[in-house]
Amino acid sequence: MRTLLIGCGDHGGGTLLPAACSAGISIHALVDSDRERAEHLAKLWLIPQVYASTEDVDADTFDGAIVALPVSAQADHVAWALQAGLHTFVEKPPAPDLDGLRTLLQHAGRAGVHCVVGMNFRLAEGVRRLRSALAAPQYGPISYARVEHIARKPVQSFSPDMSLEASLFAAQGIHAIDLAQVLLPAQRVTSGQMIAVNRGRLATLVAGDPAGGTRLEVHFGSCAAAFSHQVRVVTASGDLLELRNMSELLHLPNGGDEHVREYPGARVLWRTSPIGGGYDSAGYGPELAAFGDLVAGGPAESLASLASLLPVYEAFDELLQAEGLAWTA
Ligand SMILES: NC(=O)c1ccc[n+]([C@@H]2O[C@H](COP(=O)([O-])OP(=O)(O)OC[C@H]3O[C@@H](n4cnc5c(N)ncnc54)[C@H](O)[C@@H]3O)[C@@H](O)[C@H]2O)c1
């Protein structure tokens, strides 16, 4: 796949470019309005072509695009790439609000190419370990899932048009809600609330299916001193699995477990390796590799489509409406 990287800032140039190389996707050209930065990266990574804008690109000479632009510039560039017939990988968030996502979905429906959203937590090593542990028949389906995702930014809106709450969603909430919905899909949002904090924002969402006896809780915020990520699930068997900071997976067995008498405490199922690689453990490498495989005819597996993000945006939209808040400033 002859691939164009659009946006070579901290994430595009610093993370996705090396992650793409590690995933076997070779980048043939860079696009960035900061031409000096793009040229510097092109020299470092032996990339033959640099453009300051997609207006200068002859899209017929490429098959794919990876987009990592400021939140407010993403949707227009995704629409450009799709209209140009390029298989597109766009970093989250593909659009700054629910209406923008719906418009992109229309573009994608007409385009006849793949459009994948970078939701790296889906493929982070700890989440893969959790999901593979949960596939064992002893646990049964998830009855309760709780995702907590609290970082130290944003404390200011990403653009004058966006509310701080929409910026929180773009940076953190989209990941937290998506991961929770991947673990326990099809829950109806029952309530949500912004929680009072003096720095940044903190939000909570609760969803459930009372008839089925399932419940989902999501907490996300930007008030913390450092990144904190916790996932807890309880399955129908009564087993509790907990993924702490993407680095340790614990299992607290149900009370009827045959080994409880021997040892009633929590067992460590997995711990991150001290020599493990960042692109793999954070999910960036496996996600881009899966995008490459998808374009080559492989399965979509855990990849996020634009459509799969619709319930994520809708859940946050409900929270905004309930609180009298808006996507726009
Ligand atoms: N999944 C993750 O873990 C993760 C982490 C960080 C960022 N991101 C996402 O990646 C995207 C980029 O974030 P970043 O931190 O790299 O931002 P950044 O500001 O560091 O980089 C953005 C780059 O885009 C360039 N640019 C801006 N407008 C442009 C245009 N119209 N045409 C060409 N180039 C343009 C800028 O010059 C800059 O180099 C954001 O949408 C963010 O949400 C995802």
# chains A, B, ... in the order shown; residues from 1 in each chain; ligands from 1
>>> closest_atom_pairs(of="chain A", to="ligand 1", cutoff="10 Å", atoms="only C-alpha atoms and all ligand atoms", output="tab-separated table")
residue	atom	partner	partner_atom_place_in_ligand_line	distance
A:Leu5	CA	ligand 1	34 (N)	9.7
A:Ile6	CA	ligand 1	33 (C)	6.3
A:Gly7	CA	ligand 1	24 (O)	4.0
A:Cys8	CA	ligand 1	39 (O)	4.7
A:Gly9	CA	ligand 1	21 (O)	3.2
A:Asp10	CA	ligand 1	16 (O)	3.9
A:His11	CA	ligand 1	16 (O)	3.5
A:Gly12	CA	ligand 1	16 (O)	5.0
A:Gly13	CA	ligand 1	16 (O)	7.1
A:Gly14	CA	ligand 1	16 (O)	7.6
A:Thr15	CA	ligand 1	5 (C)	8.3
A:Leu16	CA	ligand 1	10 (O)	9.0
A:Leu30	CA	ligand 1	33 (C)	9.2
A:Val31	CA	ligand 1	33 (C)	5.6
A:Asp32	CA	ligand 1	34 (N)	3.5
A:Ser33	CA	ligand 1	34 (N)	4.1
A:Asp34	CA	ligand 1	37 (O)	4.4
A:Arg35	CA	ligand 1	37 (O)	7.8
A:Glu36	CA	ligand 1	37 (O)	9.5
A:Arg37	CA	ligand 1	39 (O)	7.2
A:Ala38	CA	ligand 1	39 (O)	7.7
A:Tyr51	CA	ligand 1	33 (C)	8.4
A:Ala52	CA	ligand 1	33 (C)	6.1
A:Ser53	CA	ligand 1	32 (N)	5.1
A:Thr54	CA	ligand 1	32 (N)	6.8
A:Glu55	CA	ligand 1	32 (N)	9.2
A:Val67	CA	ligand 1	11 (C)	7.6
A:Ala68	CA	ligand 1	11 (C)	4.1
A:Leu69	CA	ligand 1	24 (O)	4.3
A:Pro70	CA	ligand 1	41 (O)	4.6
A:Val71	CA	ligand 1	41 (O)	4.3
A:Ser72	CA	ligand 1	41 (O)	7.9
A:Ala73	CA	ligand 1	31 (N)	6.0
A:Gln74	CA	ligand 1	41 (O)	6.5
A:Ala75	CA	ligand 1	41 (O)	9.7
A:Asp76	CA	ligand 1	31 (N)	8.9
A:His77	CA	ligand 1	31 (N)	7.9
A:Val90	CA	ligand 1	41 (O)	8.2
A:Glu91	CA	ligand 1	9 (C)	5.2
A:Lys92	CA	ligand 1	43 (O)	5.3
A:Pro93	CA	ligand 1	43 (O)	5.6
A:Pro94	CA	ligand 1	41 (O)	7.5
A:Ala95	CA	ligand 1	41 (O)	8.9
A:Pro96	CA	ligand 1	41 (O)	9.2
A:Val117	CA	ligand 1	1 (N)	9.2
A:Gly118	CA	ligand 1	1 (N)	6.0
A:Met119	CA	ligand 1	1 (N)	5.9
A:Asn120	CA	ligand 1	1 (N)	5.7
A:Phe121	CA	ligand 1	1 (N)	7.8
A:Phe158	CA	ligand 1	43 (O)	9.5
A:Ser167	CA	ligand 1	43 (O)	9.1
A:Phe169	CA	ligand 1	43 (O)	9.8
A:Ala170	CA	ligand 1	43 (O)	6.1
A:Ala171	CA	ligand 1	43 (O)	5.6
A:Gln172	CA	ligand 1	43 (O)	8.9
A:Ile174	CA	ligand 1	43 (O)	9.8
A:His175	CA	ligand 1	1 (N)	8.1
A:Ala282	CA	ligand 1	3 (O)	8.0
A:Gly283	CA	ligand 1	3 (O)	9.0
A:Tyr284	CA	ligand 1	1 (N)	7.8
>>> select_by_dssp(residues="range 122-247 of chain A", states="strand (DSSP E or B)", output="PyMOL selection string")
chain A and resi 142-150+162+188-195+202-209+214-221+228-235+240-244
>>> closest_residue(among="A:Ser22, A:Ser132, A:Ser191, A:Asn254", to="Ser237 in chain A", atoms="only C-alpha atoms")
A:Asn254
>>> closest_residue(among="A:Gly256, A:Gly278, A:Gly221, A:Gly85", to="Met194 in chain A", atoms="only C-alpha atoms")
A:Gly221
>>> residues_around(residues="Ala207 in chain A", least_positions_apart="3", cutoff="7 Å", atoms="only C-alpha atoms", output="PyMOL selection string")
chain A and resi 187-191+215-217
>>> write_last_selection(atoms="N, CA and C atoms", output="PDB file, in the first residue's frame")
ATOM      1  N   GLN A 187     -25.771  -1.468  25.648  1.00  0.00           N
ATOM      2  CA  GLN A 187     -26.371  -1.029  26.915  1.00  0.00           C
ATOM      3  C   GLN A 187     -26.988   0.353  26.686  1.00  0.00           C
ATOM      4  N   ARG A 188     -28.106   0.595  27.327  1.00  0.00           N
ATOM      5  CA  ARG A 188     -28.776   1.884  27.160  1.00  0.00           C
ATOM      6  C   ARG A 188     -28.259   2.860  28.219  1.00  0.00           C
ATOM      7  N   VAL A 189     -27.898   4.074  27.773  1.00  0.00           N
ATOM      8  CA  VAL A 189     -27.392   5.043  28.747  1.00  0.00           C
ATOM      9  C   VAL A 189     -28.530   5.452  29.665  1.00  0.00           C
ATOM     10  N   THR A 190     -28.320   5.295  30.965  1.00  0.00           N
ATOM     11  CA  THR A 190     -29.384   5.654  31.894  1.00  0.00           C
ATOM     12  C   THR A 190     -29.107   6.985  32.567  1.00  0.00           C
ATOM     13  N   SER A 191     -27.842   7.275  32.785  1.00  0.00           N
ATOM     14  CA  SER A 191     -27.553   8.590  33.354  1.00  0.00           C
ATOM     15  C   SER A 191     -26.102   8.955  33.130  1.00  0.00           C
ATOM     16  N   ARG A 215     -24.616  -4.123  33.464  1.00  0.00           N
ATOM     17  CA  ARG A 215     -24.404  -2.708  33.776  1.00  0.00           C
ATOM     18  C   ARG A 215     -22.985  -2.296  33.407  1.00  0.00           C
ATOM     19  N   LEU A 216     -22.909  -1.044  32.952  1.00  0.00           N
ATOM     20  CA  LEU A 216     -21.654  -0.481  32.467  1.00  0.00           C
ATOM     21  C   LEU A 216     -21.442   0.859  33.161  1.00  0.00           C
ATOM     22  N   GLU A 217     -20.222   1.113  33.621  1.00  0.00           N
ATOM     23  CA  GLU A 217     -19.914   2.425  34.208  1.00  0.00           C
ATOM     24  C   GLU A 217     -18.632   2.932  33.579  1.00  0.00           C
TER      25      GLU A 217
END
>>> select_by_dssp(residues="range 133-308 of chain A", states="helix (DSSP H, G or I)", output="number ranges by chain")
A: 133-134, 164-183, 278-281, 284-295, 307-308
>>> atom_distance(atom1="CA of Ala111 in chain A", atom2="CA of Asp97 in chain A")
21.1 Å
>>> residues_around(residues="Leu320 in chain A", least_positions_apart="5", cutoff="9 Å", atoms="only C-alpha atoms", output="list of chain:residue names")
A:Glu165, A:Ala166, A:Gly192, A:Gln193, A:Met194, A:Ala315, A:Leu325, A:Ala326, A:Trp327
>>> closest_residue(among="A:Leu82, A:Leu306, A:Val231, A:Leu105", to="Ser247 in chain A", atoms="only C-alpha atoms")
A:Val231
>>> closest_residue(among="A:Trp45, A:Tyr263, A:Phe220, A:Phe316", to="Gly200 in chain A", atoms="only C-alpha atoms")
A:Phe220
>>> closest_residue(among="A:Pro264, A:Gly255, A:Pro141, A:Pro48", to="Gly212 in chain A", atoms="only C-alpha atoms")
A:Pro141
>>> residues_around(residues="range 225-227 of chain A", least_positions_apart="5", cutoff="7 Å", atoms="only C-alpha atoms", output="ChimeraX atom specification")
/A:150-152
>>> write_last_selection(atoms="C-alpha atoms", output="tab-separated table (two decimals), in the first residue's frame")
chain	number	residue	atom	x	y	z
A	150	ILE	CA	-8.31	9.82	33.74
A	151	ALA	CA	-5.46	11.89	32.33
A	152	ARG	CA	-3.94	15.33	32.92
>>> closest_residue(among="A:Asp280, A:Asp63, A:Asp257, A:Asp99", to="Ala124 in chain A", atoms="only C-alpha atoms")
A:Asp280
>>> residues_around(residues="Thr3 in chain A", least_positions_apart="3", cutoff="9 Å", atoms="only C-alpha atoms", output="MDAnalysis selection string")
chainID A and resid 25:30 62:66 86:87
>>> residues_around(residues="Trp270 in chain A", least_positions_apart="5", cutoff="9 Å", atoms="only C-alpha atoms", output="ChimeraX atom specification")
/A:126,129-130,247-250
>>> write_last_selection(atoms="N, CA and C atoms", output="PDB file, in the first residue's frame")
ATOM      1  N   GLY A 126      -2.656  -5.147  27.215  1.00  0.00           N
ATOM      2  CA  GLY A 126      -3.427  -5.519  28.406  1.00  0.00           C
ATOM      3  C   GLY A 126      -4.870  -5.849  28.057  1.00  0.00           C
ATOM      4  N   ARG A 129      -5.019  -9.183  26.402  1.00  0.00           N
ATOM      5  CA  ARG A 129      -4.890 -10.242  27.430  1.00  0.00           C
ATOM      6  C   ARG A 129      -6.204 -10.428  28.171  1.00  0.00           C
ATOM      7  N   LEU A 130      -6.843  -9.317  28.520  1.00  0.00           N
ATOM      8  CA  LEU A 130      -8.122  -9.398  29.233  1.00  0.00           C
ATOM      9  C   LEU A 130      -9.161 -10.119  28.373  1.00  0.00           C
ATOM     10  N   SER A 247      -1.079  -2.633  32.768  1.00  0.00           N
ATOM     11  CA  SER A 247       0.197  -3.296  33.023  1.00  0.00           C
ATOM     12  C   SER A 247       0.066  -4.543  33.885  1.00  0.00           C
ATOM     13  N   GLU A 248      -1.113  -4.791  34.436  1.00  0.00           N
ATOM     14  CA  GLU A 248      -1.264  -5.951  35.311  1.00  0.00           C
ATOM     15  C   GLU A 248      -2.708  -6.430  35.243  1.00  0.00           C
ATOM     16  N   LEU A 249      -2.870  -7.721  34.995  1.00  0.00           N
ATOM     17  CA  LEU A 249      -4.223  -8.294  34.921  1.00  0.00           C
ATOM     18  C   LEU A 249      -4.413  -9.252  36.099  1.00  0.00           C
ATOM     19  N   LEU A 250      -5.402  -8.933  36.940  1.00  0.00           N
ATOM     20  CA  LEU A 250      -5.664  -9.744  38.126  1.00  0.00           C
ATOM     21  C   LEU A 250      -6.974 -10.498  37.984  1.00  0.00           C
TER      22      LEU A 250
END
